[in-house]
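Participant: There's a structure below that I have some questions on.
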Amino acid sequence: MEVKNIGVIGAGAMGSGIAQVSAVAGYNVVLQDIYSTALDKAKSTIEKSLGKLVSKGKLSEADMKAAMERITFTTVLEEACRDAELIIECVFENLELKQKMFQEFEKLCKPEAILGTNTSALPITEIASVTKRGDKVIGIHFMNPVPLMKGVEIIRGQLTSDETMGTTLEYIKKIGKEPAIAVDYAGFIVSRLLDVLMNEAVKLVEEGNKPEEIDKAMELCAGHPMGPCKLLDLVGAEIAMHGMETMERDFGPKYKPHPLLKKRVLAGLLGVKTGKGFYEY
């Protein structure tokens, strides 16, 4: 199946980034969110991001204009689903919410449409279990910030078909990304490793280590491009906490989120998105 039209559900940082790279690659994109303010912010963010590419000579003004014209912004879910050959869901990291969305996709999307989820930790088979088209469901886990990060984690559920897998991989390559194939267990590869690292960094902070020293140690001594405290601020403390909770549920108490991580989430110290985490933004 050839993909020409993509529906992106959720206009946050991930959804807007996915819409951008898809439109630049020539796809028609409908970006949907229940909040018009989120769509306005997404449009501004995409225009700013593309403008930077133009200023650096990586994109022409004509190509920027064409990419923006390929993106439709809407609050109507049916509009995003109607013509889509590929749906990429980017709503909040909550299993019940995602399952509810996939039940809606089953009603609104064409029978042949691929139903992708950008979940960072929730098992794909569990999300697909509420639909009757598990062969069309697949994990497409983009990294933040989407326009800059080269890798995309692809997760095949128990029922995902070869055709769905092949079409998804073709899409990933067309948008200039590289797929990393992961097995469908909670956390997959990326979150399974990084959420544990970030949770351990929270423990180190509680023990008296300064966030900047933790980050310096991992950047200079371990060669990490970004320390775990900075990374936690970028990812969002609540995303890491939900990832740990998902893995704790499936794998046991060694994945339990640290109490300080939970406290920081309750206090709204989520990181970049709230202006304050371990650092101020």
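Labels for the structure tokens follow display order: chains A, B, ..., residues from 1 in each chain, ligands from 1.
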Could the residues of region 98-129 of chain A that have an atom at most 12 Å from region 139-150 of chain A be listed as CSV, each with its closest atom pair and the distance in Å to one decimal, counting only C-alpha atoms and ordered by chain and ascending residue number?
Facilitator:
```
residue,atom,partner,partner_atom,distance
A:Ile114,CA,A:Gly139,CA,10.5
A:Leu115,CA,A:Gly139,CA,8.6
A:Gly116,CA,A:Gly139,CA,5.5
A:Thr117,CA,A:Gly139,CA,5.0
A:Asn118,CA,A:His141,CA,4.5
A:Thr119,CA,A:His141,CA,6.0
A:Ser120,CA,A:His141,CA,6.0
A:Ala121,CA,A:His141,CA,9.1
A:Leu122,CA,A:Gly139,CA,9.3
A:Pro123,CA,A:Gly139,CA,8.5
A:Ile124,CA,A:Gly139,CA,6.0
A:Thr125,CA,A:Gly139,CA,9.3
A:Glu126,CA,A:Gly139,CA,11.2
A:Ile127,CA,A:Gly139,CA,9.6
A:Ala128,CA,A:Gly139,CA,10.0
```
Participant: Quick one: everything within 9 Å of Ala240 (chain A), counting only C-alpha atoms, minus sequence neighbours fewer than 2 positions away in the same chain. Send it as JSON, numbers by chain.
Facilitator: {"A": [191, 194, 195, 196, 198, 199, 232, 235, 236, 237, 238, 242, 243, 244, 245, 257, 261]}
Participant: Would you save the residues of that selection, restricted to N, CA and C atoms, as a CSV table (one decimal), in the first residue's frame?
Facilitator:
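So again.csv came out as:
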```
chain,number,residue,atom,x,y,z
A,191,SER,N,13.3,3.4,25.9
A,191,SER,CA,12.8,3.8,27.2
A,191,SER,C,13.2,2.8,28.3
A,194,LEU,N,16.8,4.1,29.0
A,194,LEU,CA,16.9,5.5,29.4
A,194,LEU,C,16.1,5.9,30.6
A,195,ASP,N,14.9,5.3,30.7
A,195,ASP,CA,14.1,5.6,31.9
A,195,ASP,C,14.7,5.2,33.2
A,196,VAL,N,15.4,4.0,33.1
A,196,VAL,CA,16.1,3.5,34.3
A,196,VAL,C,17.3,4.4,34.6
A,198,MET,N,17.5,7.6,33.9
A,198,MET,CA,17.0,8.9,34.5
A,198,MET,C,16.5,8.7,35.9
A,199,ASN,N,15.9,7.6,36.2
A,199,ASN,CA,15.4,7.3,37.5
A,199,ASN,C,16.5,7.2,38.5
A,232,LEU,N,16.1,14.2,31.2
A,232,LEU,CA,14.8,14.1,31.9
A,232,LEU,C,14.0,15.3,31.8
A,235,VAL,N,12.7,15.2,28.1
A,235,VAL,CA,11.7,14.2,27.9
A,235,VAL,C,10.4,14.6,28.6
A,236,GLY,N,10.5,15.1,29.8
A,236,GLY,CA,9.4,15.4,30.7
A,236,GLY,C,9.4,14.4,31.8
A,237,ALA,N,9.4,14.8,33.1
A,237,ALA,CA,9.5,13.9,34.2
A,237,ALA,C,8.3,13.0,34.3
A,238,GLU,N,7.1,13.5,33.9
A,238,GLU,CA,5.9,12.6,33.9
A,238,GLU,C,6.0,11.5,32.9
A,242,HIS,N,5.8,7.6,34.0
A,242,HIS,CA,4.8,6.6,33.5
A,242,HIS,C,5.5,5.4,32.8
A,243,GLY,N,6.6,5.7,32.2
A,243,GLY,CA,7.4,4.6,31.6
A,243,GLY,C,7.9,3.6,32.7
A,244,MET,N,8.4,4.2,33.8
A,244,MET,CA,8.8,3.3,34.9
A,244,MET,C,7.6,2.5,35.5
A,245,GLU,N,6.5,3.2,35.6
A,245,GLU,CA,5.3,2.5,36.2
A,245,GLU,C,4.8,1.4,35.2
A,257,PRO,N,9.4,3.6,40.0
A,257,PRO,CA,9.9,5.0,40.0
A,257,PRO,C,10.3,5.5,41.4
A,261,LEU,N,11.0,11.3,42.1
A,261,LEU,CA,10.5,11.6,40.7
A,261,LEU,C,9.0,11.8,40.8
```
Participant: Which residues come within 8 Å of Gly134 (chain A), counting only C-alpha atoms, excluding same-chain residues fewer than 5 positions away, as a PyMOL selection string?
Facilitator: chain A and resi 125+128-129+157-160
Participant: One decimal, Å: what's the distance from CA of Asp83 (chain A) over to CA of Pro111 (chain A), could you say?
Facilitator: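 Answer for the CA of Asp83 (chain A) to CA of Pro111 (chain A) separation: 10.9 Å.
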Participant: Hey, what's within 10 Å of region 21-35 of chain A if we count only C-alpha atoms and toss same-chain stuff fewer than 6 positions away? As an mmCIF file with N, CA, C and O atoms, in the first residue's frame, please?
Facilitator:
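Result file is part_34.cif:
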```
data_model
loop_
_atom_site.group_PDB
_atom_site.id
_atom_site.type_symbol
_atom_site.label_atom_id
_atom_site.label_comp_id
_atom_site.auth_asym_id
_atom_site.auth_seq_id
_atom_site.Cartn_x
_atom_site.Cartn_y
_atom_site.Cartn_z
ATOM 1 N N VAL A 3 1.475 5.078 0.849
ATOM 2 C CA VAL A 3 1.015 6.092 1.791
ATOM 3 C C VAL A 3 1.191 7.475 1.171
ATOM 4 O O VAL A 3 2.289 7.845 0.757
ATOM 5 N N LYS A 4 0.104 8.220 1.099
ATOM 6 C CA LYS A 4 0.141 9.598 0.606
ATOM 7 C C LYS A 4 -0.384 10.573 1.641
ATOM 8 O O LYS A 4 0.052 11.714 1.710
ATOM 9 N N ASN A 5 -1.346 10.099 2.441
ATOM 10 C CA ASN A 5 -2.013 10.956 3.425
ATOM 11 C C ASN A 5 -1.798 10.422 4.834
ATOM 12 O O ASN A 5 -2.018 9.234 5.088
ATOM 13 N N ILE A 6 -1.377 11.309 5.727
ATOM 14 C CA ILE A 6 -1.065 10.915 7.097
ATOM 15 C C ILE A 6 -1.889 11.735 8.076
ATOM 16 O O ILE A 6 -1.987 12.969 7.958
ATOM 17 N N GLY A 7 -2.477 11.058 9.045
ATOM 18 C CA GLY A 7 -3.172 11.738 10.130
ATOM 19 C C GLY A 7 -2.324 11.667 11.386
ATOM 20 O O GLY A 7 -1.935 10.577 11.806
ATOM 21 N N VAL A 8 -2.001 12.813 11.952
ATOM 22 C CA VAL A 8 -1.219 12.870 13.186
ATOM 23 C C VAL A 8 -2.155 13.350 14.294
ATOM 24 O O VAL A 8 -2.738 14.444 14.191
ATOM 25 N N ILE A 9 -2.291 12.555 15.340
ATOM 26 C CA ILE A 9 -3.266 12.839 16.395
ATOM 27 C C ILE A 9 -2.537 13.316 17.649
ATOM 28 O O ILE A 9 -1.812 12.559 18.294
ATOM 29 N N GLY A 10 -2.721 14.585 17.971
ATOM 30 C CA GLY A 10 -2.020 15.201 19.102
ATOM 31 C C GLY A 10 -0.992 16.179 18.585
ATOM 32 O O GLY A 10 -0.046 15.783 17.899
ATOM 33 N N ALA A 11 -1.154 17.466 18.904
ATOM 34 C CA ALA A 11 -0.318 18.514 18.323
ATOM 35 C C ALA A 11 0.727 19.059 19.288
ATOM 36 O O ALA A 11 1.101 20.227 19.218
ATOM 37 N N GLY A 12 1.202 18.196 20.198
ATOM 38 C CA GLY A 12 2.277 18.620 21.099
ATOM 39 C C GLY A 12 3.613 18.613 20.380
ATOM 40 O O GLY A 12 3.675 18.618 19.139
ATOM 41 N N GLY A 15 3.872 15.454 18.031
ATOM 42 C CA GLY A 15 2.955 15.508 16.902
ATOM 43 C C GLY A 15 3.331 16.566 15.885
ATOM 44 O O GLY A 15 3.309 16.321 14.668
ATOM 45 N N ALA A 42 1.405 24.698 17.506
ATOM 46 C CA ALA A 42 2.081 23.754 16.624
ATOM 47 C C ALA A 42 2.426 24.405 15.293
ATOM 48 O O ALA A 42 3.533 24.237 14.774
ATOM 49 N N LYS A 43 1.486 25.160 14.738
ATOM 50 C CA LYS A 43 1.732 25.845 13.464
ATOM 51 C C LYS A 43 2.888 26.819 13.585
ATOM 52 O O LYS A 43 3.778 26.872 12.724
ATOM 53 N N ILE A 46 6.206 24.845 13.906
ATOM 54 C CA ILE A 46 6.638 24.268 12.632
ATOM 55 C C ILE A 46 7.211 25.351 11.720
ATOM 56 O O ILE A 46 8.252 25.171 11.090
ATOM 57 N N LEU A 50 11.035 25.322 10.383
ATOM 58 C CA LEU A 50 11.335 25.331 8.958
ATOM 59 C C LEU A 50 12.108 26.587 8.575
ATOM 60 O O LEU A 50 12.990 26.549 7.710
ATOM 61 N N LEU A 59 16.910 24.247 3.319
ATOM 62 C CA LEU A 59 15.578 24.184 2.740
ATOM 63 C C LEU A 59 15.313 25.501 2.016
ATOM 64 O O LEU A 59 15.706 26.568 2.501
ATOM 65 N N ASP A 63 10.206 25.417 -0.838
ATOM 66 C CA ASP A 63 9.960 24.126 -0.206
ATOM 67 C C ASP A 63 9.291 24.301 1.160
ATOM 68 O O ASP A 63 8.445 23.494 1.561
ATOM 69 N N MET A 64 9.672 25.345 1.876
ATOM 70 C CA MET A 64 9.038 25.639 3.164
ATOM 71 C C MET A 64 7.558 25.946 2.961
ATOM 72 O O MET A 64 6.691 25.418 3.676
ATOM 73 N N LYS A 65 7.267 26.792 1.974
ATOM 74 C CA LYS A 65 5.880 27.156 1.692
ATOM 75 C C LYS A 65 5.068 25.926 1.285
ATOM 76 O O LYS A 65 3.942 25.730 1.751
ATOM 77 N N ALA A 66 5.676 25.080 0.443
ATOM 78 C CA ALA A 66 4.986 23.872 -0.010
ATOM 79 C C ALA A 66 4.701 22.919 1.155
ATOM 80 O O ALA A 66 3.625 22.315 1.230
ATOM 81 N N ALA A 67 5.674 22.790 2.071
ATOM 82 C CA ALA A 67 5.499 21.919 3.233
ATOM 83 C C ALA A 67 4.350 22.422 4.112
ATOM 84 O O ALA A 67 3.512 21.629 4.569
ATOM 85 N N MET A 68 4.309 23.721 4.350
ATOM 86 C CA MET A 68 3.238 24.276 5.183
ATOM 87 C C MET A 68 1.873 24.082 4.528
ATOM 88 O O MET A 68 0.875 23.833 5.212
ATOM 89 N N GLU A 69 1.833 24.166 3.204
ATOM 90 C CA GLU A 69 0.564 23.995 2.492
ATOM 91 C C GLU A 69 0.071 22.548 2.554
ATOM 92 O O GLU A 69 -1.114 22.290 2.360
ATOM 93 N N ARG A 70 0.983 21.610 2.818
ATOM 94 C CA ARG A 70 0.598 20.202 2.900
ATOM 95 C C ARG A 70 0.015 19.839 4.262
ATOM 96 O O ARG A 70 -0.480 18.732 4.454
ATOM 97 N N ILE A 71 0.114 20.760 5.233
ATOM 98 C CA ILE A 71 -0.380 20.464 6.581
ATOM 99 C C ILE A 71 -1.718 21.154 6.818
ATOM 100 O O ILE A 71 -1.846 22.371 6.677
ATOM 101 N N THR A 72 -2.723 20.367 7.188
ATOM 102 C CA THR A 72 -4.024 20.893 7.587
ATOM 103 C C THR A 72 -4.153 20.759 9.098
ATOM 104 O O THR A 72 -3.819 19.713 9.666
ATOM 105 N N PHE A 73 -4.605 21.805 9.750
ATOM 106 C CA PHE A 73 -4.753 21.813 11.207
ATOM 107 C C PHE A 73 -6.243 21.758 11.540
ATOM 108 O O PHE A 73 -7.034 22.553 11.036
ATOM 109 N N THR A 74 -6.632 20.808 12.401
ATOM 110 C CA THR A 74 -8.054 20.643 12.694
ATOM 111 C C THR A 74 -8.283 20.118 14.107
ATOM 112 O O THR A 74 -7.424 19.435 14.677
ATOM 113 N N THR A 75 -9.457 20.431 14.650
ATOM 114 C CA THR A 75 -9.868 19.864 15.945
ATOM 115 C C THR A 75 -10.796 18.665 15.741
ATOM 116 O O THR A 75 -11.227 18.045 16.709
ATOM 117 N N VAL A 76 -11.092 18.335 14.481
ATOM 118 C CA VAL A 76 -12.046 17.267 14.163
ATOM 119 C C VAL A 76 -11.299 15.966 13.870
ATOM 120 O O VAL A 76 -10.582 15.863 12.874
ATOM 121 N N LEU A 77 -11.481 14.976 14.728
ATOM 122 C CA LEU A 77 -10.773 13.706 14.570
ATOM 123 C C LEU A 77 -11.126 13.018 13.253
ATOM 124 O O LEU A 77 -10.259 12.458 12.580
ATOM 125 N N GLU A 78 -12.377 13.050 12.877
ATOM 126 C CA GLU A 78 -12.815 12.403 11.639
ATOM 127 C C GLU A 78 -12.068 12.956 10.425
ATOM 128 O O GLU A 78 -11.734 12.218 9.491
ATOM 129 N N GLU A 79 -11.777 14.244 10.437
ATOM 130 C CA GLU A 79 -11.062 14.865 9.321
ATOM 131 C C GLU A 79 -9.645 14.313 9.195
ATOM 132 O O GLU A 79 -9.125 14.146 8.096
ATOM 133 N N ALA A 80 -9.020 14.025 10.325
ATOM 134 C CA ALA A 80 -7.659 13.478 10.306
ATOM 135 C C ALA A 80 -7.644 12.024 9.883
ATOM 136 O O ALA A 80 -6.641 11.535 9.341
ATOM 137 N N CYS A 81 -8.733 11.317 10.126
ATOM 138 C CA CYS A 81 -8.779 9.877 9.858
ATOM 139 C C CYS A 81 -9.302 9.531 8.470
ATOM 140 O O CYS A 81 -8.919 8.505 7.886
ATOM 141 N N ARG A 82 -10.169 10.365 7.923
ATOM 142 C CA ARG A 82 -10.950 10.027 6.735
ATOM 143 C C ARG A 82 -10.114 9.505 5.563
ATOM 144 O O ARG A 82 -10.399 8.437 4.999
ATOM 145 N N ASP A 83 -9.097 10.236 5.160
ATOM 146 C CA ASP A 83 -8.314 9.888 3.968
ATOM 147 C C ASP A 83 -6.967 9.257 4.281
ATOM 148 O O ASP A 83 -6.203 8.926 3.369
ATOM 149 N N ALA A 84 -6.651 9.100 5.555
ATOM 150 C CA ALA A 84 -5.307 8.661 5.953
ATOM 151 C C ALA A 84 -5.047 7.199 5.614
ATOM 152 O O ALA A 84 -5.867 6.328 5.881
ATOM 153 N N LEU A 86 -2.097 6.249 6.812
ATOM 154 C CA LEU A 86 -1.286 6.047 8.012
ATOM 155 C C LEU A 86 -1.706 7.025 9.090
ATOM 156 O O LEU A 86 -1.757 8.235 8.860
ATOM 157 N N ILE A 87 -2.031 6.507 10.258
ATOM 158 C CA ILE A 87 -2.332 7.320 11.437
ATOM 159 C C ILE A 87 -1.157 7.194 12.399
ATOM 160 O O ILE A 87 -0.642 6.094 12.620
ATOM 161 N N ILE A 88 -0.736 8.328 12.964
ATOM 162 C CA ILE A 88 0.292 8.286 14.012
ATOM 163 C C ILE A 88 -0.278 8.988 15.240
ATOM 164 O O ILE A 88 -0.468 10.207 15.240
ATOM 165 N N GLU A 89 -0.566 8.209 16.259
ATOM 166 C CA GLU A 89 -1.182 8.724 17.489
ATOM 167 C C GLU A 89 -0.107 9.217 18.445
ATOM 168 O O GLU A 89 0.862 8.512 18.726
ATOM 169 N N CYS A 90 -0.287 10.450 18.932
ATOM 170 C CA CYS A 90 0.696 11.072 19.836
ATOM 171 C C CYS A 90 0.009 11.684 21.051
ATOM 172 O O CYS A 90 0.373 12.787 21.483
ATOM 173 N N VAL A 91 -0.989 11.021 21.605
ATOM 174 C CA VAL A 91 -1.679 11.563 22.768
ATOM 175 C C VAL A 91 -0.919 11.194 24.043
ATOM 176 O O VAL A 91 0.086 10.497 24.010
ATOM 177 N N VAL A 146 11.897 15.750 17.108
ATOM 178 C CA VAL A 146 11.712 14.905 15.928
ATOM 179 C C VAL A 146 12.514 15.359 14.711
ATOM 180 O O VAL A 146 13.156 14.537 14.049
ATOM 181 N N PRO A 147 12.532 16.665 14.375
ATOM 182 C CA PRO A 147 13.261 17.071 13.169
ATOM 183 C C PRO A 147 14.769 16.788 13.239
ATOM 184 O O PRO A 147 15.411 16.635 12.193
ATOM 185 N N LEU A 148 15.333 16.707 14.439
ATOM 186 C CA LEU A 148 16.782 16.553 14.583
ATOM 187 C C LEU A 148 17.231 15.117 14.832
ATOM 188 O O LEU A 148 18.341 14.737 14.452
ATOM 189 N N TYR A 171 8.002 4.315 4.889
ATOM 190 C CA TYR A 171 7.693 5.689 5.314
ATOM 191 C C TYR A 171 8.841 6.287 6.116
ATOM 192 O O TYR A 171 9.254 7.428 5.880
ATOM 193 N N ILE A 172 9.379 5.521 7.060
ATOM 194 C CA ILE A 172 10.471 6.011 7.905
ATOM 195 C C ILE A 172 11.678 6.408 7.061
ATOM 196 O O ILE A 172 12.303 7.453 7.276
ATOM 197 N N LYS A 173 12.003 5.604 6.076
ATOM 198 C CA LYS A 173 13.161 5.906 5.223
ATOM 199 C C LYS A 173 12.895 7.110 4.330
ATOM 200 O O LYS A 173 13.791 7.915 4.072
ATOM 201 N N LYS A 174 11.643 7.267 3.888
ATOM 202 C CA LYS A 174 11.309 8.386 3.008
ATOM 203 C C LYS A 174 11.416 9.724 3.740
ATOM 204 O O LYS A 174 11.731 10.744 3.122
ATOM 205 N N ILE A 175 11.163 9.740 5.039
ATOM 206 C CA ILE A 175 11.280 11.000 5.786
ATOM 207 C C ILE A 175 12.712 11.231 6.289
ATOM 208 O O ILE A 175 12.965 12.154 7.065
ATOM 209 N N GLY A 176 13.641 10.380 5.843
ATOM 210 C CA GLY A 176 15.052 10.585 6.163
ATOM 211 C C GLY A 176 15.484 10.075 7.519
ATOM 212 O O GLY A 176 16.513 10.506 8.047
ATOM 213 N N LYS A 177 14.730 9.148 8.094
ATOM 214 C CA LYS A 177 15.070 8.589 9.396
ATOM 215 C C LYS A 177 15.597 7.163 9.242
ATOM 216 O O LYS A 177 15.477 6.544 8.187
#
```
Participant: Can you tell me, as an MDAnalysis selection string, which residues in region 2-214 of chain A count as strand (DSSP E or B) by DSSP?
Facilitator: chainID A and resid 5:9 28:32 71:74 86:89 114:117 137:142 151:156 178:182
